[in-house]
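Quick look at target_21.pdb (PDB, C-alpha atoms):
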```
ATOM      1  CA  MET A   1       1.258  -3.511  14.684
ATOM      2  CA  ASN A   2       1.935   0.113  13.789
ATOM      3  CA  LYS A   3       4.988   1.649  12.097
ATOM      4  CA  LYS A   4       6.815   2.307  15.374
ATOM      5  CA  GLN A   5       6.329  -1.278  16.530
ATOM      6  CA  LEU A   6       7.430  -2.543  13.121
ATOM      7  CA  ALA A   7      10.650  -0.500  13.361
ATOM      8  CA  GLN A   8      11.267  -1.843  16.892
ATOM      9  CA  THR A   9      10.782  -5.423  15.694
ATOM     10  CA  MET A  10      13.084  -4.844  12.721
ATOM     11  CA  ALA A  11      15.738  -3.393  15.035
ATOM     12  CA  SER A  12      15.623  -6.331  17.420
ATOM     13  CA  LYS A  13      15.645  -8.980  14.648
ATOM     14  CA  MET A  14      18.474  -7.296  12.714
ATOM     15  CA  ASP A  15      20.403  -6.318  15.860
ATOM     16  CA  ILE A  16      20.674  -2.668  14.788
ATOM     17  CA  PRO A  17      19.724   0.577  16.548
ATOM     18  CA  GLN A  18      16.043   1.461  16.408
ATOM     19  CA  VAL A  19      16.835   4.783  14.703
ATOM     20  CA  GLN A  20      18.574   2.959  11.864
ATOM     21  CA  ALA A  21      15.681   0.512  11.494
ATOM     22  CA  LYS A  22      13.221   3.414  11.337
ATOM     23  CA  GLN A  23      15.310   5.096   8.613
ATOM     24  CA  GLN A  24      15.404   1.884   6.582
ATOM     25  CA  LEU A  25      11.648   1.419   6.944
ATOM     26  CA  GLU A  26      11.067   5.030   5.843
ATOM     27  CA  GLN A  27      13.247   4.453   2.758
ATOM     28  CA  ILE A  28      11.327   1.311   1.813
ATOM     29  CA  LEU A  29       8.004   3.122   2.136
ATOM     30  CA  ALA A  30       9.318   6.122   0.168
ATOM     31  CA  VAL A  31      10.361   3.859  -2.716
ATOM     32  CA  ILE A  32       6.921   2.194  -2.718
ATOM     33  CA  HIS A  33       5.193   5.611  -2.675
ATOM     34  CA  GLN A  34       7.373   6.916  -5.510
ATOM     35  CA  GLY A  35       6.861   3.792  -7.603
ATOM     36  CA  LEU A  36       3.086   3.959  -7.242
ATOM     37  CA  ALA A  37       3.084   7.696  -8.005
ATOM     38  CA  GLU A  38       4.931   6.901 -11.249
ATOM     39  CA  GLY A  39       2.423   4.167 -12.113
ATOM     40  CA  GLU A  40       4.773   1.246 -11.528
ATOM     41  CA  LYS A  41       3.766  -2.178 -10.258
ATOM     42  CA  ILE A  42       5.892  -3.213  -7.266
ATOM     43  CA  TYR A  43       6.286  -6.976  -6.869
ATOM     44  CA  ILE A  44       7.877  -8.383  -3.720
ATOM     45  CA  PRO A  45       8.341 -12.172  -4.000
ATOM     46  CA  GLN A  46       6.767 -14.250  -1.228
ATOM     47  CA  PHE A  47       4.852 -11.135  -0.053
ATOM     48  CA  GLY A  48       2.684  -9.566  -2.738
ATOM     49  CA  THR A  49       2.183  -6.856  -5.345
ATOM     50  CA  PHE A  50       1.435  -3.164  -4.923
ATOM     51  CA  GLU A  51      -0.268  -1.587  -7.937
ATOM     52  CA  LEU A  52      -2.690   1.104  -9.043
ATOM     53  CA  ARG A  53      -6.195   0.300 -10.185
ATOM     54  CA  PHE A  54      -8.065   2.856 -12.261
ATOM     55  CA  TYR A  55     -11.756   3.328 -11.571
ATOM     56  CA  LEU A  56     -13.725   4.689 -14.532
ATOM     57  CA  PRO A  57     -15.781   7.872 -14.272
ATOM     58  CA  ARG A  58     -19.428   7.261 -13.429
ATOM     59  CA  ILE A  59     -22.670   9.025 -12.694
ATOM     60  CA  GLY A  60     -23.726   9.292  -9.059
ATOM     61  CA  ARG A  61     -26.557  10.998  -7.221
ATOM     62  CA  ASN A  62     -26.485  13.693  -4.563
ATOM     63  CA  PRO A  63     -28.388  11.989  -1.705
ATOM     64  CA  GLN A  64     -29.873  15.282  -0.468
ATOM     65  CA  THR A  65     -31.203  16.606  -3.770
ATOM     66  CA  GLY A  66     -31.262  13.524  -6.017
ATOM     67  CA  GLU A  67     -29.337  15.526  -8.627
ATOM     68  CA  ALA A  68     -27.109  13.495 -10.951
ATOM     69  CA  ILE A  69     -23.414  14.302 -10.594
ATOM     70  CA  GLU A  70     -20.387  13.060 -12.482
ATOM     71  CA  ILE A  71     -17.795  11.265 -10.361
ATOM     72  CA  GLU A  72     -14.366  11.531 -11.987
ATOM     73  CA  GLY A  73     -12.208   8.495 -12.617
ATOM     74  CA  PHE A  74      -9.373   7.930 -10.167
ATOM     75  CA  ASN A  75      -6.415   5.695  -9.360
ATOM     76  CA  GLN A  76      -6.655   3.599  -6.212
ATOM     77  CA  PRO A  77      -3.596   1.873  -4.726
ATOM     78  CA  SER A  78      -4.153  -1.821  -4.117
ATOM     79  CA  PHE A  79      -2.234  -4.756  -2.694
ATOM     80  CA  LYS A  80      -2.561  -8.346  -3.868
ATOM     81  CA  VAL A  81      -1.235 -10.985  -1.487
ATOM     82  CA  SER A  82       1.119 -13.614  -2.927
ATOM     83  CA  PRO A  83      -0.028 -17.243  -2.821
ATOM     84  CA  ALA A  84       2.905 -18.081  -0.508
ATOM     85  CA  LEU A  85       1.865 -15.484   2.074
ATOM     86  CA  LYS A  86      -1.785 -16.498   1.792
ATOM     87  CA  ALA A  87      -0.826 -20.137   2.409
ATOM     88  CA  LEU A  88       1.320 -19.139   5.418
ATOM     89  CA  ILE A  89      -1.502 -17.131   6.976
ATOM     90  CA  ASN A  90      -4.113 -19.832   6.398
ATOM     91  CA  ALA A  91      -1.913 -22.748   7.500
TER      92      ALA A  91
END
```

Please express what this file holds, its structure, as structure tokens.
Amino acid sequence: MNKKQLAQTMASKMDIPQVQAKQQLEQILAVIHQGLAEGEKIYIPQFGTFELRFYLPRIGRNPQTGEAIEIEGFNQPSFKVSPALKALINA
């Protein structure tokens, strides 16, 4: 399911126009993006948690020359599924 299909499904389940459902979906995603950009953990009960994970800097190798290069540390967004959702999917 892509974003357009998700908005269509939301519109039909909530009995609202598709344009309104798309706007609501965009607002939800914008809040998640902003929260992650500010380093917040976003917990949605019965669904899961969005958070940032920091990966430490490390030494890598250029595969063409074999030269050692430093790979900078970085934040990676991650999602951890709630136990309730995991149980629903695996039921």

Can you spell out as a PyMOL selection string the set of residues that the PyMOL selection byres ((chain A and resi 58-60) around 12) selects in the structure I just provided? chain A and resi 55-57+61-63+65-74

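Nearest-residue note for Ser82 of chain A: choosing from A:Val31, A:Ile44, A:Met1, A:Ile16, the minimum distance belongs to A:Ile44, counting only C-alpha atoms.
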
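Near segment 37-42 of chain A, within 7 Å and counting only C-alpha atoms, sit A:Thr49, A:Phe50, A:Glu51, A:Leu52, not including residues fewer than 6 positions from it in the same chain.
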
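Comparing A:Lys4, A:Lys13, A:Lys86, A:Lys80 by their smallest distance to Tyr43 of chain A, the closest is A:Lys80 (using all atoms listed in the file).
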
Could you pull the residues within 10 Å of Pro83 of chain A, counting all atoms listed in the file, minus those fewer than 2 positions along the same chain, as a VMD selection string? chain A and resid 45 to 48 80 to 81 85 to 89

Report the residues retrieved by the PyMOL selection byres ((chain A and resi 25) around 12) from the displayed file, expressed as a JSON list (two decimals) with C-alpha atoms, keeping the file's coordinate frame.
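Okay, this is what ended up in selection-v2.json:
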```json
[["chain", "number", "residue", "atom", "x", "y", "z"],
["A", 2, "ASN", "CA", 1.94, 0.11, 13.79],
["A", 3, "LYS", "CA", 4.99, 1.65, 12.10],
["A", 4, "LYS", "CA", 6.82, 2.31, 15.37],
["A", 5, "GLN", "CA", 6.33, -1.28, 16.53],
["A", 6, "LEU", "CA", 7.43, -2.54, 13.12],
["A", 7, "ALA", "CA", 10.65, -0.50, 13.36],
["A", 8, "GLN", "CA", 11.27, -1.84, 16.89],
["A", 9, "THR", "CA", 10.78, -5.42, 15.69],
["A", 10, "MET", "CA", 13.08, -4.84, 12.72],
["A", 11, "ALA", "CA", 15.74, -3.39, 15.04],
["A", 18, "GLN", "CA", 16.04, 1.46, 16.41],
["A", 19, "VAL", "CA", 16.84, 4.78, 14.70],
["A", 20, "GLN", "CA", 18.57, 2.96, 11.86],
["A", 21, "ALA", "CA", 15.68, 0.51, 11.49],
["A", 22, "LYS", "CA", 13.22, 3.41, 11.34],
["A", 23, "GLN", "CA", 15.31, 5.10, 8.61],
["A", 24, "GLN", "CA", 15.40, 1.88, 6.58],
["A", 26, "GLU", "CA", 11.07, 5.03, 5.84],
["A", 27, "GLN", "CA", 13.25, 4.45, 2.76],
["A", 28, "ILE", "CA", 11.33, 1.31, 1.81],
["A", 29, "LEU", "CA", 8.00, 3.12, 2.14],
["A", 30, "ALA", "CA", 9.32, 6.12, 0.17],
["A", 31, "VAL", "CA", 10.36, 3.86, -2.72],
["A", 32, "ILE", "CA", 6.92, 2.19, -2.72]]
```

Hey, can I get the axis-aligned box for segment 22-38 of chain A? All listed atoms, 3 Å padding on each side, centre and edge lengths in Å to one decimal, as AutoDock Vina command-line options.
```
--center_x 9.2 --center_y 4.5 --center_z 0.0 --size_x 18.3 --size_y 12.4 --size_z 28.6
```

Starting from the incomplete input, reconstruct N, CA, C and O atoms of segment 58-72 of chain A and report them as a PDB file, in the frame of the given file.
```pdb
ATOM      1  N   ARG A  58     -18.065   7.788 -13.468  1.00  0.00           N
ATOM      2  CA  ARG A  58     -19.428   7.261 -13.429  1.00  0.00           C
ATOM      3  C   ARG A  58     -20.380   8.362 -12.988  1.00  0.00           C
ATOM      4  O   ARG A  58     -19.963   9.419 -12.527  1.00  0.00           O
ATOM      5  N   ILE A  59     -21.633   8.086 -13.121  1.00  0.00           N
ATOM      6  CA  ILE A  59     -22.670   9.025 -12.694  1.00  0.00           C
ATOM      7  C   ILE A  59     -23.172   8.593 -11.324  1.00  0.00           C
ATOM      8  O   ILE A  59     -23.511   7.434 -11.111  1.00  0.00           O
ATOM      9  N   GLY A  60     -23.208   9.544 -10.403  1.00  0.00           N
ATOM     10  CA  GLY A  60     -23.726   9.292  -9.059  1.00  0.00           C
ATOM     11  C   GLY A  60     -24.888  10.229  -8.775  1.00  0.00           C
ATOM     12  O   GLY A  60     -25.277  11.045  -9.625  1.00  0.00           O
ATOM     13  N   ARG A  61     -25.443  10.146  -7.608  1.00  0.00           N
ATOM     14  CA  ARG A  61     -26.557  10.998  -7.221  1.00  0.00           C
ATOM     15  C   ARG A  61     -26.243  11.676  -5.897  1.00  0.00           C
ATOM     16  O   ARG A  61     -25.722  11.050  -4.974  1.00  0.00           O
ATOM     17  N   ASN A  62     -26.576  12.963  -5.817  1.00  0.00           N
ATOM     18  CA  ASN A  62     -26.485  13.693  -4.563  1.00  0.00           C
ATOM     19  C   ASN A  62     -27.624  13.177  -3.682  1.00  0.00           C
ATOM     20  O   ASN A  62     -28.797  13.304  -4.041  1.00  0.00           O
ATOM     21  N   PRO A  63     -27.325  12.584  -2.515  1.00  0.00           N
ATOM     22  CA  PRO A  63     -28.388  11.989  -1.705  1.00  0.00           C
ATOM     23  C   PRO A  63     -29.389  13.018  -1.145  1.00  0.00           C
ATOM     24  O   PRO A  63     -30.535  12.676  -0.869  1.00  0.00           O
ATOM     25  N   GLN A  64     -28.970  14.269  -1.019  1.00  0.00           N
ATOM     26  CA  GLN A  64     -29.873  15.282  -0.468  1.00  0.00           C
ATOM     27  C   GLN A  64     -30.846  15.810  -1.513  1.00  0.00           C
ATOM     28  O   GLN A  64     -32.012  16.034  -1.212  1.00  0.00           O
ATOM     29  N   THR A  65     -30.350  16.005  -2.742  1.00  0.00           N
ATOM     30  CA  THR A  65     -31.203  16.606  -3.770  1.00  0.00           C
ATOM     31  C   THR A  65     -31.626  15.620  -4.848  1.00  0.00           C
ATOM     32  O   THR A  65     -32.557  15.895  -5.601  1.00  0.00           O
ATOM     33  N   GLY A  66     -30.965  14.487  -4.961  1.00  0.00           N
ATOM     34  CA  GLY A  66     -31.262  13.524  -6.017  1.00  0.00           C
ATOM     35  C   GLY A  66     -30.677  13.924  -7.358  1.00  0.00           C
ATOM     36  O   GLY A  66     -30.875  13.246  -8.354  1.00  0.00           O
ATOM     37  N   GLU A  67     -29.934  15.039  -7.388  1.00  0.00           N
ATOM     38  CA  GLU A  67     -29.337  15.526  -8.627  1.00  0.00           C
ATOM     39  C   GLU A  67     -28.220  14.594  -9.087  1.00  0.00           C
ATOM     40  O   GLU A  67     -27.419  14.126  -8.285  1.00  0.00           O
ATOM     41  N   ALA A  68     -28.168  14.332 -10.379  1.00  0.00           N
ATOM     42  CA  ALA A  68     -27.109  13.495 -10.951  1.00  0.00           C
ATOM     43  C   ALA A  68     -25.817  14.293 -10.984  1.00  0.00           C
ATOM     44  O   ALA A  68     -25.806  15.454 -11.384  1.00  0.00           O
ATOM     45  N   ILE A  69     -24.728  13.659 -10.550  1.00  0.00           N
ATOM     46  CA  ILE A  69     -23.414  14.302 -10.594  1.00  0.00           C
ATOM     47  C   ILE A  69     -22.428  13.333 -11.216  1.00  0.00           C
ATOM     48  O   ILE A  69     -22.588  12.113 -11.128  1.00  0.00           O
ATOM     49  N   GLU A  70     -21.409  13.903 -11.870  1.00  0.00           N
ATOM     50  CA  GLU A  70     -20.387  13.060 -12.482  1.00  0.00           C
ATOM     51  C   GLU A  70     -19.252  12.856 -11.487  1.00  0.00           C
ATOM     52  O   GLU A  70     -18.711  13.814 -10.937  1.00  0.00           O
ATOM     53  N   ILE A  71     -18.914  11.614 -11.236  1.00  0.00           N
ATOM     54  CA  ILE A  71     -17.795  11.265 -10.361  1.00  0.00           C
ATOM     55  C   ILE A  71     -16.616  10.946 -11.276  1.00  0.00           C
ATOM     56  O   ILE A  71     -16.700  10.057 -12.127  1.00  0.00           O
ATOM     57  N   GLU A  72     -15.530  11.705 -11.116  1.00  0.00           N
ATOM     58  CA  GLU A  72     -14.366  11.531 -11.987  1.00  0.00           C
ATOM     59  C   GLU A  72     -13.694  10.187 -11.741  1.00  0.00           C
ATOM     60  O   GLU A  72     -13.773   9.629 -10.652  1.00  0.00           O
TER      61      GLU A  72
END
```
